[in-house]
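Following: one structure in structure tokens, then a few remarks.
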Amino acid sequence: MSKTYYIGFEPKPKLSGALLDIVNLHANVEGKDVLKGIYLSIEPGEAHVLLGPNGSGKTTLVNAIMGSPKVRVVEGRIYFKGEDITGLPTHERVRMGIGVAFQHPPGIRGVKLRVLLEKLSSRLGKGADLEKAALLVGMKELLDREVNVGFSGGELKRSEVLQLLVQSPDLALFDEPDSGVDVENLAVIANAINELCGMNAKPSARIRSALLITHLSYILKYVKADRAHVLIDGRIACSGKPAEIMDEVMEHGFGRCAECLRERM
Amino acid sequence: MSPGEDVKDRLRKIKERAKDAVSKTPDVGPDVDLSKLRFEPGPEEGATGDLAERASSVGIDMSGKGRAGTYVQIDYSAMVDRMTSGNVEVMSISRAIDTYDWLTDYYWRAMDVDVDKFAALAELRGSGGYFIRARRGAKVELPVQACLYLRTPNLAQNVHNIVVVEEGAELHVITGCASPVTIEGLHVGVSELYVKRDASLTFTMIHGWSNEMDVRPRTGVVLEENASFKSVYVNLNPVKSLQSAPVVYLNGPNSKASLISIIAASDRSYFDVGNTAYLRGRGSRAEITSKVVAKDEARVISRGSIVGEGEGVKGHLDCRGIILNPAATILAIPQLEAKAKDLELSHEAAVGKIAEEEIYYLLARGFDEEEAVSTVIRGFMDVDVKDFPPALAAQVEKTLDIIAKSL
């Protein structure tokens with residue numbers, strides 16, 4: 001498969017065998033430095049969670065991985081499946097097997113959810129059952145509505161997760177799937193994430209990887225991640241076991257993570 | 001039967017007024033030099049293959065299948081005028097004038113013949129047009145179609161159309177106007193539409209002109225009590241200039257009008273377009289929607305005006321535009337005028353660039369750039385045609401699909 005690269009991003013050779021490998025990533029948004037040297041590796045079958053306060057750069061990291069035109073990478077590399085994708089257009093990254101559930105998806109007028117799902121299924125999905133997936137997230141009634149137009153907060157999140165279920169990406173990025181949803185929706189969303197990523201199986205038996213972004217961490221009661229990271233001011237302040245990091249954040253907030261980061265600098 | 005003296009007298013007076021307006025340039029839109037145009041069509045052979053294809057692009061099925069009637073005019077000649085239902089009449093305007101004395105009740109009643117030189121031209125150098133009539137109480141389910149085709153280069157085609165939907169009748173009309181892709185010329189289309197008491201008319205007009213043509217439609221619509229009028233206008237192709245300001249008079253109490261126009265402006269097209277509604281009858285309602293997509297070096301002036309003159313009337317104006325590149329321009333001029341008490345007039349206007357966020361969203365779903373852009377444009381142009389009969393709705397949808405892919 002030949003790929004189009006944006007000018008100035010000649011691909012570089014891979015560094016490790018990880019599914020996703022982010023090396024010293026610096027990026028800015030509208031001239032403001034947001035990511036200031038991110039290192040992050042996700043192995044096949046692993047689910048990672050990224051915690052961090054508002055404004056720390058979590059969504060920018062997701063957009064950098066996706067190749068959003070709003071994010072300008074100024075230094076560093078992103079490797080996926082061993083290939084340098086730093087300069088690759090968004091749709092080619094998607095076709096390589098990356099998928100995203102957005103935090104604030106826009107309404108797409110004139111496109112029915114069913115039509116979008118059929119496209120995802122036929123082009124990218126590996127034969128995912130559309131109806132079954134819709135049933136799992138309770139979206140069957142919304143299939144003939146325009147994508148995200150007039151959806152409630154919970155419906156938006158379920159619609160995003162449904163699209164990932166049908167797309168079946170090798171790496172699924174979830175940008176705050178738990179923000180602004182009630183407990184009932186949270187359980188449905190978490191269940192779908194577990195289903196998509198095969199979370200109930202051992203990491204070695206799983207076929208998909210995930211990066212789950214949250215600043216609430218409630219969803220971690222339902223989704224068992226393998227590793228957690230705390231993002232502070234555009235840098236990963238610490239990484240470790242999700243339970244330990246969650247305990248720390250629950251008890252002290254992100255303050256001690258910020259201190260820890262300063263000591264290291 | 002020859003027309004009575006009073007009819008002849010009125011027609012004579014109309015001609016005189018038209019003569020006084022031959023050099024009356026309209027206030028809006030670029031002027032057109034009539035001296036460079038020809039008023040004699042060229043030979044008729046050839047170009048008919050192109051006709052079927054172009055007519056189809058503006059919604060006309062030359063086989064006449066699924067239509068209650070068909071009118072096709074090439075240059076100055078009516079090629080087809082037929083009807084398949086006894087409830088509806090379709091014929092050339094000249095034949096209608098000869099046939100019905102009462103046609104004078106509908107002849108230059110929805111607008112003035114001396115409004116500008118183009119209207120005057122349609123009277124003085126008239127070259128055809130159609131007459132469509134739905135009889136009293138008739139529910140004409142299948143649409144009537146009318147096609148005006150300009151074939152001879154540099155020709156001025158000046159048609160006068162009249163549609164009458166009689167008391168309690170229901171009529172659907174598909175009109176399509178087209179020309180070969182590259183020719184120069186002028187099309188003047190005077191259309192007078194009358195929707196009588198308790199009657200309803202749905203009307204689609206699709207334009208597919210050449211980028212060297214000047215187009216000056218002149219439309220007046222008169223609604224009586226409880227009458228309903230719904231129209232969709234779509235422009236498909238670039239033109240040299242198109243200036244059109246249809247006026248709808250909601251004279252009858254509780255009359256309703258919904259006017260939608262969708263303009264795809266590309267190349268170096270110049271458009272000055274916009275509907276006006278006069279809410280006169282008590283409790284009458286109008287909704288005007290305009291969507292414009294401009295690219296290349298196109299310039300679009302998108303107007304819209306609602307004048308509230310009756311009690312308890314309600315009007316809403318929705319005027320939206322996107323420009324796809326910086327050389328294109330859109331000027332939106334929504335206008336509301338209140339002249340009575342207890343009325344409610346409102347407008348929304350928004351002009352800007354294409355929604356980048358929506359494009360990125362679709363790219364993140366694996367769409368390529370081109371597909372994402374056309375999907376977002378298609379979504380922007382999407383209009384609610386669920387009240388239209390399936391044939392008209394399908395035609396509008398199909399036309400918008402074509403536009404979205406071509407822009």
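In the structure tokens, each chain is lettered A, B, ... as it comes, each chain's residues begin at 1, and ligands are numbered from 1 in order of appearance.
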Might you pull out every residue within 9 Å of stretch 8-18 of chain B, with only C-alpha atoms counted and same-chain residues fewer than 5 positions away left off, and present them as a PDB file with all heavy atoms, in the first residue's frame?
```pdb
ATOM      1  N   PRO B   3     -61.098  36.721 -29.302  1.00  0.00           N
ATOM      2  CA  PRO B   3     -61.181  37.425 -28.020  1.00  0.00           C
ATOM      3  C   PRO B   3     -62.118  38.633 -28.101  1.00  0.00           C
ATOM      4  O   PRO B   3     -62.225  39.282 -29.140  1.00  0.00           O
ATOM      5  CB  PRO B   3     -59.749  37.886 -27.785  1.00  0.00           C
ATOM      6  CG  PRO B   3     -58.906  37.090 -28.682  1.00  0.00           C
ATOM      7  CD  PRO B   3     -59.754  36.684 -29.841  1.00  0.00           C
ATOM      8  N   THR B 104     -56.811  36.374 -19.650  1.00  0.00           N
ATOM      9  CA  THR B 104     -56.380  37.749 -19.352  1.00  0.00           C
ATOM     10  C   THR B 104     -56.462  38.073 -17.849  1.00  0.00           C
ATOM     11  O   THR B 104     -55.758  38.925 -17.343  1.00  0.00           O
ATOM     12  CB  THR B 104     -57.176  38.770 -20.198  1.00  0.00           C
ATOM     13  OG1 THR B 104     -56.700  40.075 -19.913  1.00  0.00           O
ATOM     14  CG2 THR B 104     -58.659  38.690 -19.909  1.00  0.00           C
ATOM     15  N   TYR B 107     -53.013  37.155 -16.878  1.00  0.00           N
ATOM     16  CA  TYR B 107     -51.942  37.596 -17.757  1.00  0.00           C
ATOM     17  C   TYR B 107     -51.412  38.937 -17.257  1.00  0.00           C
ATOM     18  O   TYR B 107     -52.115  39.934 -17.268  1.00  0.00           O
ATOM     19  CB  TYR B 107     -52.505  37.700 -19.181  1.00  0.00           C
ATOM     20  CG  TYR B 107     -51.475  37.825 -20.274  1.00  0.00           C
ATOM     21  CD1 TYR B 107     -50.725  36.726 -20.672  1.00  0.00           C
ATOM     22  CD2 TYR B 107     -51.264  39.046 -20.910  1.00  0.00           C
ATOM     23  CE1 TYR B 107     -49.790  36.837 -21.691  1.00  0.00           C
ATOM     24  CE2 TYR B 107     -50.334  39.162 -21.923  1.00  0.00           C
ATOM     25  CZ  TYR B 107     -49.601  38.056 -22.311  1.00  0.00           C
ATOM     26  OH  TYR B 107     -48.677  38.169 -23.325  1.00  0.00           O
ATOM     27  N   TRP B 108     -50.166  38.924 -16.738  1.00  0.00           N
ATOM     28  CA  TRP B 108     -49.542  40.108 -16.127  1.00  0.00           C
ATOM     29  C   TRP B 108     -50.364  40.624 -14.948  1.00  0.00           C
ATOM     30  O   TRP B 108     -50.558  41.807 -14.768  1.00  0.00           O
ATOM     31  CB  TRP B 108     -49.327  41.227 -17.156  1.00  0.00           C
ATOM     32  CG  TRP B 108     -48.314  40.875 -18.193  1.00  0.00           C
ATOM     33  CD1 TRP B 108     -48.553  40.637 -19.516  1.00  0.00           C
ATOM     34  CD2 TRP B 108     -46.910  40.712 -18.010  1.00  0.00           C
ATOM     35  NE1 TRP B 108     -47.385  40.328 -20.174  1.00  0.00           N
ATOM     36  CE2 TRP B 108     -46.355  40.370 -19.263  1.00  0.00           C
ATOM     37  CE3 TRP B 108     -46.047  40.793 -16.901  1.00  0.00           C
ATOM     38  CZ2 TRP B 108     -44.995  40.116 -19.460  1.00  0.00           C
ATOM     39  CZ3 TRP B 108     -44.687  40.556 -17.087  1.00  0.00           C
ATOM     40  CH2 TRP B 108     -44.185  40.219 -18.355  1.00  0.00           C
ATOM     41  N   VAL B 113     -45.788  44.369 -16.175  1.00  0.00           N
ATOM     42  CA  VAL B 113     -45.045  44.145 -17.414  1.00  0.00           C
ATOM     43  C   VAL B 113     -43.908  45.159 -17.564  1.00  0.00           C
ATOM     44  O   VAL B 113     -42.905  44.902 -18.228  1.00  0.00           O
ATOM     45  CB  VAL B 113     -46.000  44.193 -18.637  1.00  0.00           C
ATOM     46  CG1 VAL B 113     -46.576  45.601 -18.807  1.00  0.00           C
ATOM     47  CG2 VAL B 113     -45.313  43.724 -19.904  1.00  0.00           C
ATOM     48  N   ASP B 114     -44.062  46.326 -16.893  1.00  0.00           N
ATOM     49  CA  ASP B 114     -43.040  47.364 -17.057  1.00  0.00           C
ATOM     50  C   ASP B 114     -42.097  47.425 -15.857  1.00  0.00           C
ATOM     51  O   ASP B 114     -41.483  48.443 -15.590  1.00  0.00           O
ATOM     52  CB  ASP B 114     -43.705  48.724 -17.300  1.00  0.00           C
ATOM     53  CG  ASP B 114     -44.735  49.071 -16.234  1.00  0.00           C
ATOM     54  OD1 ASP B 114     -44.880  48.281 -15.275  1.00  0.00           O
ATOM     55  OD2 ASP B 114     -45.384  50.126 -16.357  1.00  0.00           O
ATOM     56  N   VAL B 115     -41.977  46.299 -15.126  1.00  0.00           N
ATOM     57  CA  VAL B 115     -41.096  46.299 -13.958  1.00  0.00           C
ATOM     58  C   VAL B 115     -39.644  46.520 -14.381  1.00  0.00           C
ATOM     59  O   VAL B 115     -38.881  47.218 -13.724  1.00  0.00           O
ATOM     60  CB  VAL B 115     -41.286  45.009 -13.110  1.00  0.00           C
ATOM     61  CG1 VAL B 115     -40.983  43.748 -13.898  1.00  0.00           C
ATOM     62  CG2 VAL B 115     -40.448  45.056 -11.860  1.00  0.00           C
ATOM     63  N   ASP B 116     -39.254  45.958 -15.510  1.00  0.00           N
ATOM     64  CA  ASP B 116     -37.937  46.248 -16.081  1.00  0.00           C
ATOM     65  C   ASP B 116     -37.916  45.792 -17.541  1.00  0.00           C
ATOM     66  O   ASP B 116     -38.897  45.263 -18.053  1.00  0.00           O
ATOM     67  CB  ASP B 116     -36.805  45.592 -15.271  1.00  0.00           C
ATOM     68  CG  ASP B 116     -36.901  44.080 -15.234  1.00  0.00           C
ATOM     69  OD1 ASP B 116     -37.352  43.469 -16.216  1.00  0.00           O
ATOM     70  OD2 ASP B 116     -36.516  43.489 -14.199  1.00  0.00           O
ATOM     71  N   LYS B 117     -36.785  45.986 -18.176  1.00  0.00           N
ATOM     72  CA  LYS B 117     -36.726  45.723 -19.618  1.00  0.00           C
ATOM     73  C   LYS B 117     -36.833  44.236 -19.950  1.00  0.00           C
ATOM     74  O   LYS B 117     -37.226  43.882 -21.062  1.00  0.00           O
ATOM     75  CB  LYS B 117     -35.448  46.312 -20.217  1.00  0.00           C
ATOM     76  CG  LYS B 117     -34.153  45.612 -19.851  1.00  0.00           C
ATOM     77  CD  LYS B 117     -32.992  46.335 -20.524  1.00  0.00           C
ATOM     78  CE  LYS B 117     -31.738  45.506 -20.548  1.00  0.00           C
ATOM     79  NZ  LYS B 117     -30.608  46.259 -21.132  1.00  0.00           N
ATOM     80  N   ALA B 119     -38.824  41.968 -18.341  1.00  0.00           N
ATOM     81  CA  ALA B 119     -40.253  41.650 -18.352  1.00  0.00           C
ATOM     82  C   ALA B 119     -40.878  42.191 -19.638  1.00  0.00           C
ATOM     83  O   ALA B 119     -41.661  41.507 -20.311  1.00  0.00           O
ATOM     84  CB  ALA B 119     -40.934  42.240 -17.121  1.00  0.00           C
ATOM     85  N   ALA B 120     -40.503  43.423 -19.999  1.00  0.00           N
ATOM     86  CA  ALA B 120     -41.025  44.040 -21.219  1.00  0.00           C
ATOM     87  C   ALA B 120     -40.654  43.209 -22.452  1.00  0.00           C
ATOM     88  O   ALA B 120     -41.454  43.022 -23.367  1.00  0.00           O
ATOM     89  CB  ALA B 120     -40.486  45.459 -21.348  1.00  0.00           C
ATOM     90  N   LEU B 121     -39.417  42.694 -22.416  1.00  0.00           N
ATOM     91  CA  LEU B 121     -38.934  41.870 -23.534  1.00  0.00           C
ATOM     92  C   LEU B 121     -39.789  40.613 -23.709  1.00  0.00           C
ATOM     93  O   LEU B 121     -40.104  40.205 -24.833  1.00  0.00           O
ATOM     94  CB  LEU B 121     -37.478  41.483 -23.266  1.00  0.00           C
ATOM     95  CG  LEU B 121     -36.681  40.847 -24.403  1.00  0.00           C
ATOM     96  CD1 LEU B 121     -36.458  41.857 -25.519  1.00  0.00           C
ATOM     97  CD2 LEU B 121     -35.337  40.336 -23.881  1.00  0.00           C
ATOM     98  N   GLU B 123     -42.825  40.329 -23.126  1.00  0.00           N
ATOM     99  CA  GLU B 123     -44.107  40.704 -23.730  1.00  0.00           C
ATOM    100  C   GLU B 123     -43.943  41.079 -25.205  1.00  0.00           C
ATOM    101  O   GLU B 123     -44.695  40.626 -26.064  1.00  0.00           O
ATOM    102  CB  GLU B 123     -44.710  41.876 -22.933  1.00  0.00           C
ATOM    103  CG  GLU B 123     -45.964  42.470 -23.518  1.00  0.00           C
ATOM    104  CD  GLU B 123     -47.120  41.467 -23.637  1.00  0.00           C
ATOM    105  OE1 GLU B 123     -47.113  40.470 -22.891  1.00  0.00           O
ATOM    106  OE2 GLU B 123     -48.012  41.684 -24.489  1.00  0.00           O
ATOM    107  N   LEU B 124     -42.895  41.869 -25.467  1.00  0.00           N
ATOM    108  CA  LEU B 124     -42.762  42.418 -26.825  1.00  0.00           C
ATOM    109  C   LEU B 124     -42.094  41.449 -27.792  1.00  0.00           C
ATOM    110  O   LEU B 124     -42.416  41.421 -28.974  1.00  0.00           O
ATOM    111  CB  LEU B 124     -41.971  43.734 -26.767  1.00  0.00           C
ATOM    112  CG  LEU B 124     -42.634  44.836 -25.948  1.00  0.00           C
ATOM    113  CD1 LEU B 124     -41.687  46.019 -25.774  1.00  0.00           C
ATOM    114  CD2 LEU B 124     -43.941  45.287 -26.605  1.00  0.00           C
TER     115      LEU B 124
END
```
Which residues of stretch 182-223 of chain A come within 12 Å of stretch 40-48 of chain A, and for each one, what is the closest pair of atoms and their distance in Å to one decimal, counting only C-alpha atoms, sorted by chain and residue number, as CSV?
```
residue,atom,partner,partner_atom,distance
A:Ile193,CA,A:Ala47,CA,10.3
A:Asn194,CA,A:Ala47,CA,9.9
A:Leu196,CA,A:Ala47,CA,11.2
A:Cys197,CA,A:Gly45,CA,7.8
A:Gly198,CA,A:Gly45,CA,8.6
A:Met199,CA,A:Ala47,CA,8.0
A:Asn200,CA,A:Ala47,CA,11.4
A:Ala201,CA,A:Gly45,CA,9.6
A:Lys202,CA,A:Gly45,CA,8.5
A:Pro203,CA,A:Gly45,CA,5.1
A:Ser204,CA,A:Gly45,CA,6.4
A:Ala205,CA,A:Gly45,CA,7.3
A:Arg206,CA,A:Gly45,CA,4.7
A:Ile207,CA,A:Gly45,CA,5.3
A:Arg208,CA,A:Gly45,CA,4.9
A:Ser209,CA,A:Gly45,CA,4.6
A:Ala210,CA,A:Ala47,CA,4.5
A:Leu211,CA,A:His48,CA,4.9
A:Leu212,CA,A:His48,CA,6.2
A:Ile213,CA,A:His48,CA,8.6
A:Thr214,CA,A:His48,CA,10.9
A:Leu220,CA,A:His48,CA,10.7
A:Val223,CA,A:Ala47,CA,9.2
```
Against chain B, which residues of chain A fall within 9 Å? For each one I want the closest pair of atoms and the distance in Å (one decimal), counting only C-alpha atoms, rows by chain and increasing residue number, as JSON lines.
```
{"residue": "A:Met66", "atom": "CA", "partner": "B:Ala364", "partner_atom": "CA", "distance": 7.1}
{"residue": "A:Gly67", "atom": "CA", "partner": "B:Ala364", "partner_atom": "CA", "distance": 8.9}
{"residue": "A:Ser68", "atom": "CA", "partner": "B:Tyr360", "partner_atom": "CA", "distance": 6.9}
{"residue": "A:Pro69", "atom": "CA", "partner": "B:Tyr360", "partner_atom": "CA", "distance": 7.9}
{"residue": "A:Pro89", "atom": "CA", "partner": "B:Leu363", "partner_atom": "CA", "distance": 8.6}
{"residue": "A:Thr90", "atom": "CA", "partner": "B:Leu363", "partner_atom": "CA", "distance": 5.8}
{"residue": "A:His91", "atom": "CA", "partner": "B:Gly366", "partner_atom": "CA", "distance": 4.5}
{"residue": "A:Glu92", "atom": "CA", "partner": "B:Gly366", "partner_atom": "CA", "distance": 7.2}
{"residue": "A:Arg93", "atom": "CA", "partner": "B:Gly366", "partner_atom": "CA", "distance": 8.3}
{"residue": "A:Val94", "atom": "CA", "partner": "B:Gly366", "partner_atom": "CA", "distance": 5.5}
{"residue": "A:Arg95", "atom": "CA", "partner": "B:Gly366", "partner_atom": "CA", "distance": 6.1}
{"residue": "A:Ile98", "atom": "CA", "partner": "B:Ala364", "partner_atom": "CA", "distance": 8.7}
{"residue": "A:Gly99", "atom": "CA", "partner": "B:Ala364", "partner_atom": "CA", "distance": 7.1}
{"residue": "A:Val100", "atom": "CA", "partner": "B:Ala364", "partner_atom": "CA", "distance": 7.1}
{"residue": "A:Phe102", "atom": "CA", "partner": "B:Tyr361", "partner_atom": "CA", "distance": 8.6}
{"residue": "A:Pro105", "atom": "CA", "partner": "B:Tyr361", "partner_atom": "CA", "distance": 7.3}
{"residue": "A:Pro106", "atom": "CA", "partner": "B:Glu358", "partner_atom": "CA", "distance": 6.0}
{"residue": "A:Gly107", "atom": "CA", "partner": "B:Glu358", "partner_atom": "CA", "distance": 7.4}
{"residue": "A:Ile108", "atom": "CA", "partner": "B:Glu358", "partner_atom": "CA", "distance": 6.5}
{"residue": "A:Arg109", "atom": "CA", "partner": "B:Gly379", "partner_atom": "CA", "distance": 4.6}
{"residue": "A:Gly110", "atom": "CA", "partner": "B:Gly379", "partner_atom": "CA", "distance": 4.2}
{"residue": "A:Val111", "atom": "CA", "partner": "B:Gly379", "partner_atom": "CA", "distance": 6.9}
{"residue": "A:Leu116", "atom": "CA", "partner": "B:Arg365", "partner_atom": "CA", "distance": 8.3}
{"residue": "A:Lys119", "atom": "CA", "partner": "B:Gly366", "partner_atom": "CA", "distance": 8.8}
{"residue": "A:Leu120", "atom": "CA", "partner": "B:Arg365", "partner_atom": "CA", "distance": 6.8}
{"residue": "A:Arg123", "atom": "CA", "partner": "B:Gly366", "partner_atom": "CA", "distance": 8.0}
{"residue": "A:Leu124", "atom": "CA", "partner": "B:Gly366", "partner_atom": "CA", "distance": 7.7}
{"residue": "A:Gln163", "atom": "CA", "partner": "B:Arg365", "partner_atom": "CA", "distance": 8.5}
{"residue": "A:Gln167", "atom": "CA", "partner": "B:Arg365", "partner_atom": "CA", "distance": 8.3}
```
Saved selection, atoms kept: N, CA, C and O atoms, as an mmCIF file, in the first residue's frame:
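Dumped everything to again15.cif:
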```cif
data_model
loop_
_atom_site.group_PDB
_atom_site.id
_atom_site.type_symbol
_atom_site.label_atom_id
_atom_site.label_comp_id
_atom_site.auth_asym_id
_atom_site.auth_seq_id
_atom_site.Cartn_x
_atom_site.Cartn_y
_atom_site.Cartn_z
ATOM 1 N N MET A 66 -4.248 10.969 15.789
ATOM 2 C CA MET A 66 -5.166 10.887 14.646
ATOM 3 C C MET A 66 -4.712 11.725 13.453
ATOM 4 O O MET A 66 -5.212 11.559 12.350
ATOM 5 N N GLY A 67 -3.815 12.689 13.696
ATOM 6 C CA GLY A 67 -3.382 13.552 12.594
ATOM 7 C C GLY A 67 -4.333 14.698 12.326
ATOM 8 O O GLY A 67 -4.548 15.077 11.175
ATOM 9 N N SER A 68 -4.903 15.267 13.385
ATOM 10 C CA SER A 68 -5.802 16.413 13.210
ATOM 11 C C SER A 68 -5.048 17.597 12.613
ATOM 12 O O SER A 68 -3.927 17.899 13.020
ATOM 13 N N PRO A 69 -5.670 18.297 11.661
ATOM 14 C CA PRO A 69 -5.008 19.481 11.084
ATOM 15 C C PRO A 69 -4.811 20.609 12.105
ATOM 16 O O PRO A 69 -4.021 21.520 11.876
ATOM 17 N N PRO A 89 -1.801 11.454 6.510
ATOM 18 C CA PRO A 89 -3.142 12.041 6.650
ATOM 19 C C PRO A 89 -4.057 11.171 7.522
ATOM 20 O O PRO A 89 -3.878 9.952 7.594
ATOM 21 N N THR A 90 -5.022 11.809 8.139
ATOM 22 C CA THR A 90 -5.920 11.144 9.091
ATOM 23 C C THR A 90 -6.540 9.860 8.534
ATOM 24 O O THR A 90 -6.494 8.811 9.167
ATOM 25 N N HIS A 91 -7.119 9.956 7.332
ATOM 26 C CA HIS A 91 -7.866 8.789 6.845
ATOM 27 C C HIS A 91 -6.963 7.589 6.593
ATOM 28 O O HIS A 91 -7.387 6.451 6.688
ATOM 29 N N GLU A 92 -5.671 7.861 6.309
ATOM 30 C CA GLU A 92 -4.762 6.727 6.095
ATOM 31 C C GLU A 92 -4.391 6.062 7.419
ATOM 32 O O GLU A 92 -4.200 4.849 7.488
ATOM 33 N N ARG A 93 -4.306 6.863 8.475
ATOM 34 C CA ARG A 93 -4.065 6.289 9.807
ATOM 35 C C ARG A 93 -5.239 5.392 10.186
ATOM 36 O O ARG A 93 -5.076 4.311 10.751
ATOM 37 N N VAL A 94 -6.455 5.894 9.864
ATOM 38 C CA VAL A 94 -7.669 5.139 10.185
ATOM 39 C C VAL A 94 -7.664 3.822 9.418
ATOM 40 O O VAL A 94 -7.970 2.764 9.961
ATOM 41 N N ARG A 95 -7.285 3.905 8.146
ATOM 42 C CA ARG A 95 -7.280 2.688 7.327
ATOM 43 C C ARG A 95 -6.201 1.713 7.770
ATOM 44 O O ARG A 95 -6.289 0.518 7.504
ATOM 45 N N ILE A 98 -6.406 2.583 13.203
ATOM 46 C CA ILE A 98 -6.620 3.400 14.401
ATOM 47 C C ILE A 98 -8.055 3.940 14.366
ATOM 48 O O ILE A 98 -8.539 4.347 13.310
ATOM 49 N N GLY A 99 -8.699 3.921 15.502
ATOM 50 C CA GLY A 99 -10.049 4.470 15.577
ATOM 51 C C GLY A 99 -10.181 5.343 16.803
ATOM 52 O O GLY A 99 -9.437 5.186 17.771
ATOM 53 N N VAL A 100 -11.118 6.272 16.752
ATOM 54 C CA VAL A 100 -11.259 7.191 17.873
ATOM 55 C C VAL A 100 -12.730 7.411 18.217
ATOM 56 O O VAL A 100 -13.579 7.504 17.342
ATOM 57 N N PHE A 102 -14.681 10.339 19.882
ATOM 58 C CA PHE A 102 -14.419 11.730 20.252
ATOM 59 C C PHE A 102 -15.165 12.137 21.516
ATOM 60 O O PHE A 102 -16.235 11.616 21.827
ATOM 61 N N PRO A 105 -18.172 15.080 19.628
ATOM 62 C CA PRO A 105 -18.332 14.897 18.183
ATOM 63 C C PRO A 105 -19.322 15.907 17.600
ATOM 64 O O PRO A 105 -20.313 16.238 18.248
ATOM 65 N N PRO A 106 -19.036 16.411 16.389
ATOM 66 C CA PRO A 106 -19.973 17.357 15.769
ATOM 67 C C PRO A 106 -21.151 16.618 15.136
ATOM 68 O O PRO A 106 -21.042 15.435 14.823
ATOM 69 N N GLY A 107 -22.266 17.302 14.942
ATOM 70 C CA GLY A 107 -23.394 16.733 14.201
ATOM 71 C C GLY A 107 -23.057 16.716 12.724
ATOM 72 O O GLY A 107 -22.455 17.650 12.217
ATOM 73 N N ILE A 108 -23.395 15.618 12.052
ATOM 74 C CA ILE A 108 -23.152 15.531 10.612
ATOM 75 C C ILE A 108 -24.504 15.507 9.924
ATOM 76 O O ILE A 108 -25.161 14.465 9.859
ATOM 77 N N ARG A 109 -24.918 16.645 9.412
ATOM 78 C CA ARG A 109 -26.241 16.741 8.794
ATOM 79 C C ARG A 109 -26.277 15.974 7.482
ATOM 80 O O ARG A 109 -25.304 15.922 6.752
ATOM 81 N N GLY A 110 -27.417 15.373 7.225
ATOM 82 C CA GLY A 110 -27.591 14.709 5.933
ATOM 83 C C GLY A 110 -26.957 13.323 5.855
ATOM 84 O O GLY A 110 -27.000 12.696 4.810
ATOM 85 N N VAL A 111 -26.308 12.858 6.937
ATOM 86 C CA VAL A 111 -25.737 11.509 6.925
ATOM 87 C C VAL A 111 -26.380 10.705 8.052
ATOM 88 O O VAL A 111 -26.273 11.063 9.219
ATOM 89 N N LEU A 116 -23.338 5.710 7.822
ATOM 90 C CA LEU A 116 -21.954 5.847 8.274
ATOM 91 C C LEU A 116 -21.423 4.505 8.796
ATOM 92 O O LEU A 116 -20.303 4.097 8.477
ATOM 93 N N LYS A 119 -20.652 2.112 5.966
ATOM 94 C CA LYS A 119 -19.374 2.449 5.331
ATOM 95 C C LYS A 119 -18.206 1.958 6.178
ATOM 96 O O LYS A 119 -17.248 1.369 5.673
ATOM 97 N N LEU A 120 -18.295 2.219 7.482
ATOM 98 C CA LEU A 120 -17.235 1.791 8.401
ATOM 99 C C LEU A 120 -17.081 0.282 8.345
ATOM 100 O O LEU A 120 -15.966 -0.245 8.287
ATOM 101 N N ARG A 123 -15.690 -0.943 4.799
ATOM 102 C CA ARG A 123 -14.335 -0.516 4.446
ATOM 103 C C ARG A 123 -13.292 -0.933 5.454
ATOM 104 O O ARG A 123 -12.179 -1.281 5.119
ATOM 105 N N LEU A 124 -13.666 -0.800 6.737
ATOM 106 C CA LEU A 124 -12.651 -0.970 7.773
ATOM 107 C C LEU A 124 -12.956 -2.143 8.690
ATOM 108 O O LEU A 124 -12.061 -2.830 9.142
ATOM 109 N N GLN A 163 -19.632 3.267 16.836
ATOM 110 C CA GLN A 163 -18.858 3.378 15.594
ATOM 111 C C GLN A 163 -17.541 2.620 15.697
ATOM 112 O O GLN A 163 -17.101 1.976 14.745
ATOM 113 N N GLN A 167 -16.215 -0.428 13.472
ATOM 114 C CA GLN A 167 -14.943 -0.234 12.759
ATOM 115 C C GLN A 167 -13.913 -1.301 13.140
ATOM 116 O O GLN A 167 -13.081 -1.673 12.324
#
```
Within 12 Å of A:Lys70 using only C-alpha atoms, minus same-chain residues under 6 positions, as a list in words | Ala27, Asn28, Val29, Glu30, Gly31, Lys32, Val34, Thr59, Thr60, Leu61, Val62, Asn63, Ala64 and Thr90 of chain A; Glu356, Glu357 and Tyr360 of chain B
Backbone DSSP call of strand (DSSP E) for stretch 60-131 of chain A, listed as a PyMOL selection string = chain A and resi 71-80+83-84+98-101
Residues at most 10 Å from stretch 178-182 of chain A, counting only C-alpha atoms, excluding those fewer than 3 positions away in the same chain, as a VMD selection string?
-> chain A and resid 103 to 104 152 to 158 174 to 175 185 to 187 189 to 190 212 to 220
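Our summary of the geometry notes that atom CA of A:Leu231 is positioned 13.1 Å from atom CA of A:Leu25.
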Within 9 Å of stretch 25-30 of chain B using only C-alpha atoms, minus same-chain residues under 3 positions, as a PyMOL selection string | chain B and resi 21-22+115-118+241-244+270-272
Report the residues of stretch 49-204 of chain A whose backbone DSSP state falls under helix (DSSP H, G or I), written as an MDAnalysis selection string.
-> chainID A and resid 58:66 90:96 113:123 130:136 140:142 153:167 183:197 203:204
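You will find atom CA of A:Ile236 at 12.5 Å from atom CA of A:Glu259.
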